[in-house]
>>> print(open('structure-v5.txt').read())   # compact mmCIF, C-alpha atoms
# COMPACT_ATOMS: atom_id res chain seq x y z
CA MET A 1 -14.42 -6.49 -30.10
CA ILE A 2 -11.84 -9.22 -30.90
CA HIS A 3 -10.93 -8.94 -34.55
CA SER A 4 -8.41 -11.78 -34.94
CA LEU A 5 -6.52 -14.38 -32.93
CA PHE A 6 -2.97 -15.62 -33.58
CA LEU A 7 -1.32 -18.60 -31.88
CA ILE A 8 2.48 -18.34 -31.68
CA ASN A 9 4.80 -21.08 -30.42
CA ALA A 10 7.97 -20.72 -28.36
CA SER A 11 10.08 -20.47 -31.53
CA GLY A 12 8.18 -17.39 -32.66
CA ASP A 13 6.21 -19.11 -35.45
CA ILE A 14 2.53 -18.38 -36.09
CA PHE A 15 0.98 -21.82 -36.43
CA LEU A 16 -2.73 -20.88 -36.34
CA GLU A 17 -4.82 -17.79 -37.02
CA LYS A 18 -8.53 -17.07 -36.86
CA HIS A 19 -10.35 -13.96 -38.11
CA TRP A 20 -13.91 -13.01 -37.19
CA LYS A 21 -14.14 -10.01 -39.49
CA SER A 22 -11.84 -8.98 -42.33
CA VAL A 23 -8.45 -10.68 -42.50
CA VAL A 24 -5.66 -8.89 -40.61
CA SER A 25 -2.18 -9.35 -42.05
CA ARG A 26 0.28 -11.42 -40.03
CA SER A 27 2.61 -8.43 -40.15
CA VAL A 28 0.66 -6.96 -37.21
CA CYS A 29 2.44 -9.54 -35.04
CA ASP A 30 5.78 -7.84 -35.78
CA TYR A 31 5.02 -5.49 -32.88
CA PHE A 32 4.57 -8.54 -30.65
CA PHE A 33 7.86 -10.05 -31.84
CA GLU A 34 9.67 -6.80 -31.05
CA ALA A 35 8.25 -6.86 -27.52
CA LEU A 36 9.25 -10.53 -27.21
CA GLU A 37 12.86 -9.72 -28.15
CA ARG A 38 13.03 -6.96 -25.53
CA ALA A 39 11.62 -9.20 -22.76
CA THR A 40 14.16 -10.76 -20.41
CA GLU A 41 11.91 -13.81 -19.89
CA PRO A 42 9.14 -15.27 -22.09
CA GLU A 43 6.50 -14.43 -19.48
CA ASN A 44 7.66 -10.80 -19.28
CA VAL A 45 6.08 -9.75 -22.59
CA PRO A 46 3.67 -6.84 -21.88
CA PRO A 47 0.08 -8.15 -21.93
CA VAL A 48 -1.11 -5.11 -23.91
CA ILE A 49 0.91 -3.86 -26.88
CA PRO A 50 -0.36 -0.75 -28.73
CA THR A 51 0.22 -0.41 -32.48
CA PRO A 52 -0.70 2.45 -34.85
CA HIS A 53 -4.04 0.87 -35.80
CA HIS A 54 -4.60 -2.02 -33.35
CA TYR A 55 -4.04 -3.26 -29.81
CA LEU A 56 -2.42 -6.65 -29.24
CA ILE A 57 -3.50 -8.41 -26.04
CA ASN A 58 -1.74 -11.69 -25.22
CA VAL A 59 -1.39 -14.44 -22.64
CA LEU A 60 1.26 -17.16 -22.38
CA ARG A 61 -0.01 -20.64 -21.51
CA HIS A 62 1.72 -23.98 -22.08
CA ARG A 63 4.56 -22.31 -24.07
CA ILE A 64 2.02 -20.85 -26.52
CA TYR A 65 1.22 -17.16 -26.93
CA PHE A 66 -2.44 -16.44 -27.58
CA VAL A 67 -2.45 -13.00 -29.23
CA ALA A 68 -5.77 -11.20 -29.79
CA VAL A 69 -5.99 -8.27 -32.20
CA ILE A 70 -8.30 -5.44 -31.09
CA GLN A 71 -9.24 -2.45 -33.26
CA SER A 72 -10.80 -0.24 -30.56
CA GLU A 73 -10.24 0.31 -26.85
CA VAL A 74 -11.80 -2.40 -24.67
CA PRO A 75 -11.20 -3.49 -21.04
CA PRO A 76 -7.96 -5.55 -21.35
CA LEU A 77 -8.90 -7.91 -18.52
CA PHE A 78 -12.07 -8.84 -20.39
CA VAL A 79 -10.01 -10.02 -23.37
CA ILE A 80 -7.40 -11.71 -21.16
CA GLU A 81 -10.12 -13.65 -19.35
CA PHE A 82 -11.54 -14.79 -22.68
CA LEU A 83 -8.11 -15.98 -23.86
CA HIS A 84 -7.72 -18.02 -20.68
CA ARG A 85 -11.17 -19.52 -21.34
CA VAL A 86 -9.97 -20.54 -24.81
CA VAL A 87 -6.93 -22.30 -23.33
CA ASP A 88 -9.02 -24.06 -20.67
CA THR A 89 -11.51 -25.19 -23.32
CA PHE A 90 -8.75 -26.66 -25.49
CA GLN A 91 -7.34 -28.48 -22.47
CA ASP A 92 -10.77 -29.83 -21.56
CA TYR A 93 -11.42 -31.06 -25.11
CA PHE A 94 -7.99 -32.45 -26.00
CA GLY A 95 -6.56 -33.38 -22.59
CA VAL A 96 -3.59 -31.07 -23.17
CA CYS A 97 -3.18 -27.66 -24.76
CA THR A 98 -0.05 -28.05 -26.90
CA GLU A 99 0.89 -27.08 -30.41
CA ALA A 100 0.70 -30.73 -31.49
CA ALA A 101 -2.76 -31.24 -29.97
CA ILE A 102 -4.09 -28.07 -31.60
CA LYS A 103 -2.72 -29.06 -35.01
CA ASP A 104 -4.09 -32.60 -34.70
CA ASN A 105 -7.57 -31.22 -33.93
CA VAL A 106 -7.47 -28.08 -36.06
CA VAL A 107 -11.02 -28.57 -37.41
CA VAL A 108 -12.48 -28.81 -33.90
CA VAL A 109 -10.37 -25.79 -32.86
CA TYR A 110 -11.91 -23.63 -35.59
CA GLU A 111 -15.40 -24.91 -34.76
CA LEU A 112 -14.90 -24.02 -31.10
CA LEU A 113 -13.56 -20.55 -31.85
CA GLU A 114 -16.48 -19.91 -34.17
CA GLU A 115 -18.96 -20.76 -31.41
CA MET A 116 -17.09 -19.01 -28.59
CA LEU A 117 -17.16 -15.66 -30.40
CA ASP A 118 -20.04 -14.21 -32.40
CA ASN A 119 -18.74 -11.50 -34.73
CA GLY A 120 -15.91 -10.87 -32.29
CA PHE A 121 -18.00 -10.86 -29.07
CA PRO A 122 -17.97 -13.72 -26.52
CA LEU A 123 -21.04 -15.93 -26.84
CA ALA A 124 -20.61 -19.48 -25.50
CA THR A 125 -17.63 -20.01 -23.19
CA GLU A 126 -18.91 -22.69 -20.80
CA SER A 127 -17.55 -26.17 -21.43
CA ASN A 128 -20.84 -27.99 -20.79
CA ILE A 129 -22.62 -25.74 -23.31
CA LEU A 130 -19.86 -26.07 -25.91
CA LYS A 131 -19.90 -29.87 -25.64
CA GLU A 132 -23.53 -29.85 -26.74
CA LEU A 133 -22.61 -27.64 -29.69
CA ILE A 134 -19.29 -29.30 -30.60
CA LYS A 135 -18.77 -32.94 -29.68
CA PRO A 136 -15.33 -33.68 -28.18
CA PRO A 137 -13.05 -35.53 -30.62
CA THR A 138 -12.60 -39.29 -30.34
CA ILE A 139 -10.72 -41.72 -32.57
CA LEU A 140 -13.96 -43.32 -33.79
CA ARG A 141 -15.65 -39.98 -34.44
CA THR A 142 -12.59 -38.73 -36.33
CA VAL A 143 -12.61 -41.82 -38.58
CA VAL A 144 -16.35 -41.49 -39.25
CA ASN A 145 -16.02 -37.77 -40.04
CA THR A 146 -13.16 -38.49 -42.44
CA ILE A 147 -15.18 -41.11 -44.31
CA THR A 148 -18.53 -39.34 -44.35
CA GLY A 149 -17.31 -35.74 -44.52
CA SER A 150 -19.39 -34.79 -41.45
CA THR A 151 -18.28 -32.56 -38.58
CA ASN A 152 -18.47 -32.51 -34.78
CA VAL A 153 -21.08 -29.76 -34.78
CA GLY A 154 -24.32 -30.85 -33.11
CA GLU A 155 -27.60 -30.81 -35.05
CA GLN A 156 -29.74 -29.36 -32.23
CA LEU A 157 -29.59 -26.11 -30.28
CA PRO A 158 -28.07 -26.87 -26.84
CA THR A 159 -30.49 -26.72 -23.94
CA GLY A 160 -28.21 -24.25 -22.18
CA GLN A 161 -28.95 -21.64 -24.84
CA LEU A 162 -32.61 -21.79 -23.78
CA SER A 163 -31.86 -21.56 -20.06
CA VAL A 164 -32.22 -18.42 -17.94
CA VAL A 165 -28.84 -19.41 -16.46
CA PRO A 166 -26.43 -19.38 -19.43
CA TRP A 167 -23.78 -21.60 -17.81
CA ARG A 168 -26.19 -24.42 -16.92
CA ARG A 169 -28.26 -26.54 -19.27
CA THR A 170 -31.93 -27.19 -18.56
CA GLY A 171 -33.55 -30.50 -17.70
CA VAL A 172 -30.55 -31.98 -15.86
CA LYS A 173 -31.39 -35.29 -14.17
CA TYR A 174 -29.23 -37.63 -12.09
CA THR A 175 -30.06 -40.85 -10.27
CA ASN A 176 -27.43 -40.09 -7.63
CA ASN A 177 -26.94 -36.44 -6.71
CA GLU A 178 -23.29 -35.64 -5.97
CA ALA A 179 -21.21 -32.50 -5.37
CA TYR A 180 -17.44 -32.62 -4.83
CA PHE A 181 -15.08 -29.73 -4.11
CA ASP A 182 -11.27 -29.88 -4.25
CA VAL A 183 -9.25 -27.17 -2.49
CA VAL A 184 -5.81 -27.20 -4.14
CA GLU A 185 -3.06 -24.83 -3.03
CA GLU A 186 0.40 -24.30 -4.50
CA ILE A 187 3.32 -22.78 -2.57
CA ASP A 188 5.92 -20.57 -4.21
CA ALA A 189 8.70 -20.04 -1.66
CA ILE A 190 12.42 -19.38 -1.33
CA ILE A 191 14.23 -20.50 1.87
CA ASP A 192 17.87 -19.72 2.65
CA LYS A 193 20.37 -22.19 4.12
CA SER A 194 19.61 -21.10 7.69
CA GLY A 195 15.93 -21.97 7.27
CA SER A 196 14.66 -18.40 7.09
CA THR A 197 11.91 -17.72 4.57
CA ILE A 198 12.90 -15.09 2.01
CA THR A 199 9.62 -15.03 0.09
CA ALA A 200 6.50 -17.16 0.33
CA GLU A 201 3.08 -16.98 -1.22
CA ILE A 202 0.22 -19.36 -1.85
CA GLN A 203 -1.97 -19.62 -4.94
CA GLY A 204 -5.15 -21.63 -4.46
CA VAL A 205 -8.15 -22.83 -6.43
CA ILE A 206 -11.41 -24.57 -5.60
CA ASP A 207 -12.41 -26.98 -8.35
CA ALA A 208 -15.88 -28.49 -8.32
CA CYS A 209 -17.67 -31.44 -9.85
CA VAL A 210 -21.41 -30.95 -9.39
CA LYS A 211 -23.92 -33.51 -10.63
CA LEU A 212 -27.27 -32.41 -9.23
CA THR A 213 -30.75 -32.69 -10.66
CA GLY A 214 -32.68 -29.60 -11.68
CA MET A 215 -31.51 -26.07 -10.92
CA PRO A 216 -29.77 -26.31 -7.51
CA ASP A 217 -28.94 -23.18 -5.55
CA LEU A 218 -25.89 -23.74 -3.34
CA THR A 219 -24.14 -21.76 -0.63
CA LEU A 220 -20.58 -22.51 0.53
CA SER A 221 -19.21 -20.78 3.62
CA PHE A 222 -15.72 -20.72 5.16
CA MET A 223 -14.55 -20.57 8.76
CA ASN A 224 -11.87 -18.02 7.86
CA PRO A 225 -12.82 -16.27 4.58
CA ARG A 226 -10.65 -13.22 5.39
CA LEU A 227 -7.59 -15.29 4.45
CA LEU A 228 -8.49 -15.00 0.78
CA ASP A 229 -6.96 -12.24 -1.34
CA ASP A 230 -7.23 -11.38 -5.04
CA VAL A 231 -10.23 -13.68 -5.41
CA SER A 232 -11.41 -14.52 -8.94
CA PHE A 233 -14.86 -16.12 -9.27
CA HIS A 234 -16.72 -18.19 -11.80
CA PRO A 235 -19.56 -16.08 -13.30
CA CYS A 236 -22.10 -18.21 -11.40
CA VAL A 237 -21.05 -16.70 -8.04
CA ARG A 238 -23.21 -13.86 -6.70
CA PHE A 239 -20.53 -11.28 -6.06
CA LYS A 240 -22.65 -8.88 -3.98
CA ARG A 241 -23.38 -11.55 -1.40
CA TRP A 242 -19.68 -12.41 -1.19
CA GLU A 243 -18.87 -8.74 -0.59
CA ALA A 244 -21.53 -8.42 2.11
CA GLU A 245 -21.34 -11.79 3.92
CA ARG A 246 -18.24 -13.57 2.58
CA ILE A 247 -20.47 -16.48 1.50
CA LEU A 248 -20.34 -18.17 -1.89
CA SER A 249 -23.88 -18.31 -3.27
CA PHE A 250 -24.30 -19.79 -6.75
CA ILE A 251 -26.24 -21.91 -9.19
CA PRO A 252 -23.46 -24.21 -10.43
CA PRO A 253 -22.74 -25.36 -13.97
CA ASP A 254 -23.36 -29.03 -14.64
CA GLY A 255 -20.19 -31.08 -14.31
CA ASN A 256 -16.62 -29.89 -13.74
CA PHE A 257 -15.74 -26.22 -13.31
CA ARG A 258 -13.43 -23.92 -11.33
CA LEU A 259 -15.44 -22.13 -8.66
CA LEU A 260 -12.77 -19.62 -7.65
CA SER A 261 -9.05 -18.91 -7.45
CA TYR A 262 -7.31 -16.90 -4.75
CA HIS A 263 -4.01 -15.72 -3.27
CA VAL A 264 -2.69 -16.02 0.30
CA SER A 265 0.58 -14.45 1.48
CA SER A 266 1.42 -16.80 4.41
CA GLN A 267 2.36 -20.44 5.10
CA LYS A 268 2.69 -23.05 7.83
CA SER A 269 5.31 -25.68 8.62
CA GLY A 270 5.65 -29.05 10.40
CA LEU A 271 3.29 -30.89 8.04
CA HIS A 272 3.15 -34.45 6.72
CA ILE A 273 4.65 -34.36 3.24
CA ASN A 274 4.13 -36.88 0.42
CA ASP A 275 5.65 -37.46 -3.03
CA SER A 276 8.81 -35.47 -2.29
CA ILE A 277 11.33 -34.93 -5.09
CA ILE A 278 14.54 -32.94 -4.66
CA GLN A 279 16.49 -31.67 -7.68
CA PHE A 280 20.12 -30.66 -7.23
CA LEU A 281 21.94 -28.67 -9.92
CA GLN A 282 19.52 -30.08 -12.49
CA LEU A 283 21.74 -33.19 -12.46
CA LEU A 284 20.54 -35.23 -9.53
CA SER A 285 16.93 -36.05 -8.71
CA TRP A 286 16.12 -37.66 -5.34
CA ASP A 287 12.68 -39.24 -5.12
CA VAL A 288 12.00 -39.38 -1.39
CA GLY A 289 8.33 -40.33 -1.40
CA LYS A 290 6.49 -40.02 1.91
CA ILE A 291 8.36 -38.32 4.76
CA ASN A 292 7.92 -39.59 8.30
CA PRO A 293 8.18 -36.63 10.73
CA GLN A 294 9.64 -38.95 13.41
CA LYS A 295 12.39 -40.25 11.10
CA LEU A 296 13.53 -37.69 8.58
CA PRO A 297 15.40 -38.97 5.51
CA SER A 298 19.01 -38.05 4.84
CA LEU A 299 21.04 -37.95 1.65
CA LYS A 300 24.74 -38.82 1.93
CA GLY A 301 27.39 -39.21 -0.73
CA SER A 302 29.68 -37.33 -3.04
CA MET A 303 29.27 -35.93 -6.53
CA SER A 304 32.06 -35.00 -8.91
CA LEU A 305 31.42 -32.20 -11.42
CA GLN A 306 33.64 -31.87 -14.47
CA THR A 307 35.07 -28.40 -14.88
CA GLY A 308 34.46 -27.12 -18.38
CA ALA A 309 33.93 -23.72 -19.90
CA SER A 310 31.81 -22.63 -16.94
CA LYS A 311 32.62 -23.15 -13.27
CA PRO A 312 30.01 -25.08 -11.24
CA ASP A 313 27.96 -23.00 -8.85
CA GLU A 314 29.49 -23.17 -5.38
CA ASN A 315 26.15 -22.34 -3.73
CA PRO A 316 23.55 -24.05 -5.91
CA THR A 317 19.78 -23.72 -5.54
CA ILE A 318 17.92 -26.89 -4.60
CA ASN A 319 14.41 -27.27 -6.04
CA ILE A 320 11.94 -29.28 -3.96
CA GLN A 321 8.58 -30.68 -5.10
CA PHE A 322 6.08 -32.25 -2.71
CA LYS A 323 2.40 -32.80 -1.99
CA ILE A 324 0.46 -32.57 1.28
CA GLN A 325 -2.81 -34.48 1.16
CA GLN A 326 -5.96 -33.49 3.04
CA LEU A 327 -4.63 -30.09 4.08
CA ALA A 328 -4.76 -26.55 2.78
CA ILE A 329 -1.51 -25.00 3.98
CA SER A 330 -3.08 -21.55 4.19
CA GLY A 331 -5.41 -22.86 6.90
CA LEU A 332 -8.53 -22.31 4.79
CA LYS A 333 -11.43 -24.40 6.10
CA VAL A 334 -14.89 -24.90 4.64
CA ASN A 335 -17.63 -24.43 7.20
CA ARG A 336 -20.68 -25.94 5.49
CA LEU A 337 -22.42 -26.57 2.20
CA ASP A 338 -26.14 -25.82 1.91
CA MET A 339 -28.61 -26.60 -0.87
CA TYR A 340 -32.13 -25.18 -0.69
CA GLY A 341 -31.66 -24.78 3.07
CA GLU A 342 -30.89 -28.48 3.59
CA LYS A 343 -27.61 -28.80 5.53
CA TYR A 344 -24.99 -31.28 4.47
CA LYS A 345 -22.48 -32.59 6.98
CA PRO A 346 -19.40 -30.31 7.22
CA PHE A 347 -16.63 -31.15 4.76
CA LYS A 348 -18.60 -33.91 3.05
CA GLY A 349 -17.24 -34.25 -0.48
CA ILE A 350 -14.47 -31.69 0.15
CA LYS A 351 -10.80 -32.59 -0.31
CA TYR A 352 -7.70 -30.53 0.42
CA MET A 353 -4.24 -30.74 -1.13
CA THR A 354 -1.10 -28.61 -1.06
CA LYS A 355 1.73 -28.94 -3.56
CA ALA A 356 4.98 -27.09 -4.16
CA GLY A 357 5.18 -24.81 -7.15
CA LYS A 358 8.51 -22.96 -7.10
CA PHE A 359 9.93 -24.12 -3.77
CA GLN A 360 13.64 -23.35 -3.62
CA VAL A 361 16.32 -23.72 -0.95
CA ARG A 362 19.40 -21.55 -1.37
CA THR A 363 22.52 -23.19 0.04
>>> encode(input="structure-v5.txt", output="structure tokens")
Amino acid sequence: MIHSLFLINASGDIFLEKHWKSVVSRSVCDYFFEALERATEPENVPPVIPTPHHYLINVLRHRIYFVAVIQSEVPPLFVIEFLHRVVDTFQDYFGVCTEAAIKDNVVVVYELLEEMLDNGFPLATESNILKELIKPPTILRTVVNTITGSTNVGEQLPTGQLSVVPWRRTGVKYTNNEAYFDVVEEIDAIIDKSGSTITAEIQGVIDACVKLTGMPDLTLSFMNPRLLDDVSFHPCVRFKRWEAERILSFIPPDGNFRLLSYHVSSQKSGLHINDSIIQFLQLLSWDVGKINPQKLPSLKGSMSLQTGASKPDENPTINIQFKIQQLAISGLKVNRLDMYGEKYKPFKGIKYMTKAGKFQVRT
């Protein structure tokens, strides 16, 4: 399916390539570079670019283009999802997914790509399975590998490969059973100077950290599941039950994972806001901190802009960043969490947070 993978930085340089079959010349990326030149913004490059003998499917994450080379027609979303899994895996292993981090851990990168694809077809994409195959890099392990010539590849077959549930390893045991869920929502909104909302949308995710013994079967229900649009699930979720009952039923992976992501096209106001930062003309940054609804902060003063080749904007856009703890601004509420029919108290281990993504005020 996937023949080759090229990693291209923001300057248009190919800094890493991986081939699962015969080597494909770098010249195939010329079609990508042509599309990049025609794009008005870096993120506007078409995700699928046809060429005379190949298809190029790409995603842009962390200022890096991940470009997959395909020789035959395949579902594009299948390849795009795999590329996002690659990025998430790099971020999980190295802390960040940057060109520098990838170059510093290039051996581990190739080992991961070799395990994630088998002859071009996805094989192991779950982080907890990969960490049994390829040990995450540490300073000590890197020094030992350099001296001894060994690698991070494990010597035993991971238990997850023997499990009937491919995303969860077998024989999991914990002294204290814990399950935590974080509902994190990000607002992208534009508000004019009169306070009217021009555009507003909410992107949300539910991240989980599950440390339960055995093979737990969980159900998570919402009070208002109809709020959710464009929902994307982890493979562990039983989609047919969601379609029929709007209940999340799943056997979770062990450890950290993203249960689902969603979209909501509405917002609320009058909320307690924390960690507020206002940026004005990209020159002035005002760190407000926590806002008290009874005593709103005010910014007074004057600012002199030097007139140069370009005239300052008379009606600048003000960018605002903030966080709202313990609240999902969409109004999404979890009803209950069940495991093997045993009810947990509502909202136990569930946290909510809203933060601003692209929140702009036009003056």
>>> closest_residue(input="structure-v5.txt", among="A:Pro47, A:Lys173, A:Asn256, A:His19", to="Thr89 of chain A", atoms="all atoms listed in the file")
A:Asn256
>>> closest_residue(input="structure-v5.txt", among="A:Leu123, A:Val74, A:Val96, A:Ser330", to="Val205 of chain A", atoms="only C-alpha atoms")
A:Ser330
>>> closest_residue(input="structure-v5.txt", among="A:Pro166, A:Gly331, A:Gly255, A:Gly171", to="Pro225 of chain A", atoms="only C-alpha atoms")
A:Gly331
>>> residues_around(input="structure-v5.txt", residues="Lys333 of chain A", least_positions_apart="3", cutoff="9 Å", atoms="all atoms listed in the file", output="list of chain:residue names")
A:Ser221, A:Phe222, A:Met223, A:Asn224, A:Pro225, A:Ala328, A:Phe347
>>> residues_near_point(input="structure-v5.txt", point="(-15.1, -26.3, -33.4)", cutoff="10 Å", atoms="all atoms listed in the file", output="list of chain:residue names")
A:Asn105, A:Val106, A:Val107, A:Val108, A:Val109, A:Tyr110, A:Glu111, A:Leu112, A:Leu113, A:Glu114, A:Glu115, A:Met116, A:Leu130, A:Lys131, A:Leu133, A:Ile134, A:Lys135, A:Pro136, A:Pro137, A:Thr151, A:Asn152, A:Val153
>>> atom_distance(input="structure-v5.txt", atom1="atom CA of Leu248 of chain A", atom2="atom CA of Leu220 of chain A")
5.0 Å
>>> atom_distance(input="structure-v5.txt", atom1="atom CA of Ala101 of chain A", atom2="atom CA of Arg63 of chain A")
13.0 Å
>>> atom_distance(input="structure-v5.txt", atom1="atom CA of Ile198 of chain A", atom2="atom CA of Glu186 of chain A")
16.8 Å
>>> residues_around(input="structure-v5.txt", residues="segment 65-73 of chain A", least_positions_apart="3", cutoff="7 Å", atoms="all atoms listed in the file", output="list in words")
Met1, Ile2, His3, Ser4, Leu5, Phe6, Leu7, Ile8, Asn9, His53, His54, Tyr55, Leu56, Ile57, Asn58, Val59, Leu60, Arg61 and Leu83 of chain A
>>> closest_residue(input="structure-v5.txt", among="A:Leu327, A:Ala124, A:Ile190, A:Ala208", to="Met353 of chain A", atoms="all atoms listed in the file")
A:Leu327
>>> closest_residue(input="structure-v5.txt", among="A:Asp229, A:Val165, A:Ala200, A:Arg238", to="Gly214 of chain A", atoms="only C-alpha atoms")
A:Val165
>>> closest_residue(input="structure-v5.txt", among="A:Ala39, A:Ile191, A:Ala10, A:Val28", to="Pro52 of chain A", atoms="all atoms listed in the file")
A:Val28
>>> residues_around(input="structure-v5.txt", residues="Cys236 of chain A", least_positions_apart="5", cutoff="9 Å", atoms="only C-alpha atoms", output="PyMOL selection string")
chain A and resi 165+167+249-253+259
>>> closest_atom_pairs(input="structure-v5.txt", of="segment 67-109 of chain A", to="segment 125-129 of chain A", cutoff="8 Å", atoms="all atoms listed in the file", output="CSV")
residue,atom,partner,partner_atom,distance
A:Arg85,CA,A:Thr125,CA,6.7
A:Val86,CA,A:Thr125,CA,7.8
A:Thr89,CA,A:Ser127,CA,6.4
A:Asp92,CA,A:Ser127,CA,7.7
>>> build_atoms(input="structure-v5.txt", residues="segment 30-44 of chain A", atoms="N, CA, C and O atoms", output="PDB file, in the frame of the given file")
ATOM      1  N   ASP A  30       4.405  -8.320 -35.884  1.00  0.00           N
ATOM      2  CA  ASP A  30       5.780  -7.840 -35.780  1.00  0.00           C
ATOM      3  C   ASP A  30       5.974  -7.013 -34.515  1.00  0.00           C
ATOM      4  O   ASP A  30       7.055  -7.036 -33.907  1.00  0.00           O
ATOM      5  N   TYR A  31       4.928  -6.274 -34.107  1.00  0.00           N
ATOM      6  CA  TYR A  31       5.020  -5.490 -32.880  1.00  0.00           C
ATOM      7  C   TYR A  31       5.133  -6.410 -31.664  1.00  0.00           C
ATOM      8  O   TYR A  31       5.827  -6.092 -30.696  1.00  0.00           O
ATOM      9  N   PHE A  32       4.465  -7.558 -31.728  1.00  0.00           N
ATOM     10  CA  PHE A  32       4.570  -8.540 -30.650  1.00  0.00           C
ATOM     11  C   PHE A  32       5.974  -9.135 -30.609  1.00  0.00           C
ATOM     12  O   PHE A  32       6.569  -9.295 -29.535  1.00  0.00           O
ATOM     13  N   PHE A  33       6.518  -9.465 -31.787  1.00  0.00           N
ATOM     14  CA  PHE A  33       7.860 -10.050 -31.840  1.00  0.00           C
ATOM     15  C   PHE A  33       8.914  -9.087 -31.319  1.00  0.00           C
ATOM     16  O   PHE A  33       9.886  -9.501 -30.673  1.00  0.00           O
ATOM     17  N   GLU A  34       8.733  -7.795 -31.577  1.00  0.00           N
ATOM     18  CA  GLU A  34       9.670  -6.800 -31.050  1.00  0.00           C
ATOM     19  C   GLU A  34       9.611  -6.763 -29.528  1.00  0.00           C
ATOM     20  O   GLU A  34      10.644  -6.692 -28.852  1.00  0.00           O
ATOM     21  N   ALA A  35       8.396  -6.828 -28.978  1.00  0.00           N
ATOM     22  CA  ALA A  35       8.250  -6.860 -27.520  1.00  0.00           C
ATOM     23  C   ALA A  35       8.832  -8.140 -26.932  1.00  0.00           C
ATOM     24  O   ALA A  35       9.415  -8.132 -25.837  1.00  0.00           O
ATOM     25  N   LEU A  36       8.706  -9.250 -27.666  1.00  0.00           N
ATOM     26  CA  LEU A  36       9.250 -10.530 -27.210  1.00  0.00           C
ATOM     27  C   LEU A  36      10.769 -10.492 -27.161  1.00  0.00           C
ATOM     28  O   LEU A  36      11.386 -11.033 -26.236  1.00  0.00           O
ATOM     29  N   GLU A  37      11.402  -9.834 -28.133  1.00  0.00           N
ATOM     30  CA  GLU A  37      12.860  -9.720 -28.150  1.00  0.00           C
ATOM     31  C   GLU A  37      13.374  -8.866 -27.000  1.00  0.00           C
ATOM     32  O   GLU A  37      14.450  -9.113 -26.448  1.00  0.00           O
ATOM     33  N   ARG A  38      12.601  -7.848 -26.618  1.00  0.00           N
ATOM     34  CA  ARG A  38      13.030  -6.960 -25.530  1.00  0.00           C
ATOM     35  C   ARG A  38      12.816  -7.588 -24.158  1.00  0.00           C
ATOM     36  O   ARG A  38      13.437  -7.167 -23.171  1.00  0.00           O
ATOM     37  N   ALA A  39      11.943  -8.585 -24.062  1.00  0.00           N
ATOM     38  CA  ALA A  39      11.620  -9.200 -22.760  1.00  0.00           C
ATOM     39  C   ALA A  39      12.777 -10.063 -22.277  1.00  0.00           C
ATOM     40  O   ALA A  39      13.386 -10.813 -23.049  1.00  0.00           O
ATOM     41  N   THR A  40      13.079  -9.959 -20.991  1.00  0.00           N
ATOM     42  CA  THR A  40      14.160 -10.760 -20.410  1.00  0.00           C
ATOM     43  C   THR A  40      13.750 -12.224 -20.245  1.00  0.00           C
ATOM     44  O   THR A  40      14.576 -13.123 -20.314  1.00  0.00           O
ATOM     45  N   GLU A  41      12.457 -12.459 -20.026  1.00  0.00           N
ATOM     46  CA  GLU A  41      11.910 -13.810 -19.890  1.00  0.00           C
ATOM     47  C   GLU A  41      10.667 -13.920 -20.772  1.00  0.00           C
ATOM     48  O   GLU A  41       9.999 -12.912 -21.028  1.00  0.00           O
ATOM     49  N   PRO A  42      10.328 -15.126 -21.236  1.00  0.00           N
ATOM     50  CA  PRO A  42       9.140 -15.270 -22.090  1.00  0.00           C
ATOM     51  C   PRO A  42       7.861 -14.736 -21.470  1.00  0.00           C
ATOM     52  O   PRO A  42       6.999 -14.194 -22.165  1.00  0.00           O
ATOM     53  N   GLU A  43       7.730 -14.878 -20.143  1.00  0.00           N
ATOM     54  CA  GLU A  43       6.500 -14.430 -19.480  1.00  0.00           C
ATOM     55  C   GLU A  43       6.494 -12.924 -19.205  1.00  0.00           C
ATOM     56  O   GLU A  43       5.506 -12.394 -18.677  1.00  0.00           O
ATOM     57  N   ASN A  44       7.576 -12.232 -19.549  1.00  0.00           N
ATOM     58  CA  ASN A  44       7.660 -10.800 -19.280  1.00  0.00           C
ATOM     59  C   ASN A  44       7.198  -9.935 -20.449  1.00  0.00           C
ATOM     60  O   ASN A  44       7.377  -8.711 -20.427  1.00  0.00           O
TER      61      ASN A  44
END
